[in-house]
Amino acid sequence: MMKKKPSVRKRRGVGGRAVKGAQDQLKRFRQGSILAVALTGFLLILLTPGEAGYSQTNPSEEDTTIENFSQQESLPDSVSIIEKVAVDELVVPEDTAAEVQQPGDISEAAKDEAVGTLKRLWEGFYANLPKILVAILSLILAWLLVRLLSLVLRKTIGHWKSSGAVITLVVISVWLFAIGIAISVVAGDIRALVGSLGLVGLALSWSLQTPIESFTGWLLNSFRGYYKVGDRIQVGDVFGDVYKIDFLTTTVWEAGGPDRPGFVHSEQPTGRLVTFPNNEILTGTVVNLTGDFPYVWDELAIAVANESDIKEAMRTLEKIADDLLGGYMVEPVQKYQHILRKAKLNIEVTEKPQIFISIGESWTDIIIRYLVGARERRKWKTELSIRILNEINKEEYADKIKSVYPRKQLQFITPDGKPADVKIPGEGKYKGEEGKE
């Protein structure tokens with residue numbers, strides 16, 4: 001039996017994912033390479049013994065060549081050019097003689113060179129040791145200053161909602177300034193420091209784009225106040241109560257819902273923690289259900305048959321909703337109206353539940369609209385549903401409010417395309433054509 005080949009769409013999907021994965025790996029490799037080169041150059045600048053107190057240069061080959069050439073020029077004028085060349089060929093240069101060594105001499109030379117390199121590194125470190133101590137001292141002073149400034153700012157602006165962001169920015173600024181001073185003391189040359197910092201900054205901007213955007217999102221949220229700890233929010237596909245806000249991420253207790261994957265089918269906690277990067281604030285939509293106004297509008301639809309007394313059903317449901325939620329909605333509606341007037345929005349809001357109707361396929365929906373707490377929707381909807389069922393199941397509403405059951409209509413067609421006469425047991429003859437039994 002021949003195996004079924006995968007569809008073109010499936011193969012393209014797999015190929016597309018493979019290409020995307022390869023591109024992501026190449027991007028990460030490029031960013032890592034840039035960062036590694038930048039950090040290597042930066043470390044070389046710090047570890048280079050610029051003022052070690054000893055000479056790092058040796059007589060170059062050019063100086064030796066110039067000296068030999070001067071000696072050649074000092075020959076008598078009577079010697080011809082050919083004789084000068086012959087003399088040069090007979091004289092073996094010292095560099096060439098030094099290169100002709102035995103294998104044992106080569107290993108010894110390599111060992112001596114390695115030891116010399118380590119010695120020069122140690123001498124460079126020892127020469128820069130006072131600078132390193134000064135740099136460490138500057139960092140310790142910066143730590144003490146940060147502690148003092150944090151204490152003062154908490155006492156002075158601690159009541160401000162963005163005080164945490166201000167204190168964090170001050171702390172980061174002090175640390176950056178102290179680190180810059182420490183590096184400049186060790187490096188010695190401010191031009192090399194600026195060049196190395198520029199190279200490192202360029203590498204960081206390429207390799208740390210997402211963390212930088214997340215930090216920017218944290219700053220924006222800190223000063224604009226899109227959400228805070230305890231708010232119920234929806235950012236992208238994440239929905240829940242804010243648990244923790246860091247520099248780069250936000251963690252929420254997930255809440256479920258009919259359109260969200262979870263363990264429950266309502267807006268109640270699922271028990272799972274979900275963390276998302278703060279750059280979602282810059283690229284997505286932030287929905288806050290409990291920010292300035294911790295109430296939301298909710299609706300409950302009751303389906304009744306079209307043969308029911310719709311007006312009576314509306315009056316009955318309105319009375320039930322008003323008895324349950326009429327007193328509860330007064331204070332939230334007043335707060336809502338105050339917010340609307342402050343925003344100069346001329347919108348009137350009723351203090352009682354409202355009733356609306358909507359025509360369905362074979363029934364009528366009576367919709368009750370009311371205002372409740374954002375985390376209490378299921379509680380009030382359950383209580384309202386129980387009261388409605390208890391009321392409409394009374395005998396006095398048996399012929400006025402009729403429940404809706406699934407209905408189906410069948411129509412039989414003859415081969416010539418006309419309705420057929422069908423005998424239904426216990427129901428008489430079905431009317432095929434209009435006016436006939």
# chains A, B, ... in the order shown; residues from 1 in each chain; ligands from 1
call {"tool": "select_by_dssp", "arguments": {"residues": "segment 137-339 of chain A", "states": "alpha helix (DSSP H)", "output": "PyMOL selection string"}}
result
chain A and resi 137-157+163-187+190-207+209-224+280-283+310-325+330-339
call {"tool": "residues_around", "arguments": {"residues": "Val166 of chain A", "least_positions_apart": "4", "cutoff": "9 Å", "atoms": "only C-alpha atoms", "output": "number ranges by chain"}}
result
A: 153, 162, 170-171, 222-223
call {"tool": "write_last_selection", "arguments": {"atoms": "C-alpha atoms", "output": "compact mmCIF listing (two decimals), in the first residue's frame"}}
result
# COMPACT_ATOMS: atom_id res chain seq x y z
CA LEU A 153 12.85 59.99 48.32
CA SER A 162 4.85 57.09 40.35
CA VAL A 170 17.48 57.98 40.30
CA VAL A 171 19.16 54.78 41.48
CA SER A 222 4.94 53.65 35.68
CA PHE A 223 4.25 57.23 34.63
call {"tool": "residues_around", "arguments": {"residues": "Leu282 of chain A", "least_positions_apart": "2", "cutoff": "8 Å", "atoms": "only C-alpha atoms", "output": "short mmCIF file (atom, residue, chain, number, x, y, z; two decimals) with C-alpha atoms, in the first residue's frame"}}
result
data_model
loop_
_atom_site.label_atom_id
_atom_site.label_comp_id
_atom_site.auth_asym_id
_atom_site.auth_seq_id
_atom_site.Cartn_x
_atom_site.Cartn_y
_atom_site.Cartn_z
CA GLU A 213 11.63 47.77 24.78
CA GLY A 217 7.20 49.75 28.52
CA ASN A 278 6.40 44.67 29.23
CA ASN A 279 6.95 45.50 25.57
CA GLU A 280 3.38 44.24 25.03
CA GLY A 284 -0.58 45.58 22.02
#
call {"tool": "closest_residue", "arguments": {"among": "A:Leu389, A:Ile183, A:Leu169, A:Leu176", "to": "Leu133 of chain A", "atoms": "only C-alpha atoms"}}
result
A:Ile183
call {"tool": "atom_distance", "arguments": {"atom1": "atom CA of Pro211 of chain A", "atom2": "atom CA of Phe239 of chain A"}}
result
22.2 Å
call {"tool": "closest_residue", "arguments": {"among": "A:Ile339, A:Ile366, A:Val186, A:Leu129", "to": "Glu312 of chain A", "atoms": "only C-alpha atoms"}}
result
A:Ile366
call {"tool": "atom_distance", "arguments": {"atom1": "atom CA of Glu123 of chain A", "atom2": "atom CA of Ile140 of chain A"}}
result
26.0 Å
call {"tool": "select_by_dssp", "arguments": {"residues": "segment 212-333 of chain A", "states": "strand (DSSP E or B)", "output": "count of residues only"}}
result
44
call {"tool": "atom_distance", "arguments": {"atom1": "atom CA of Gly158 of chain A", "atom2": "atom CA of Ala142 of chain A"}}
result
21.9 Å
call {"tool": "residues_around", "arguments": {"residues": "segment 291-301 of chain A", "least_positions_apart": "4", "cutoff": "10 Å", "atoms": "only C-alpha atoms", "output": "PyMOL selection string"}}
result
chain A and resi 225-228+230-233+287+329+332-333+335-336+339+353-358+364-378+380-382+384-385
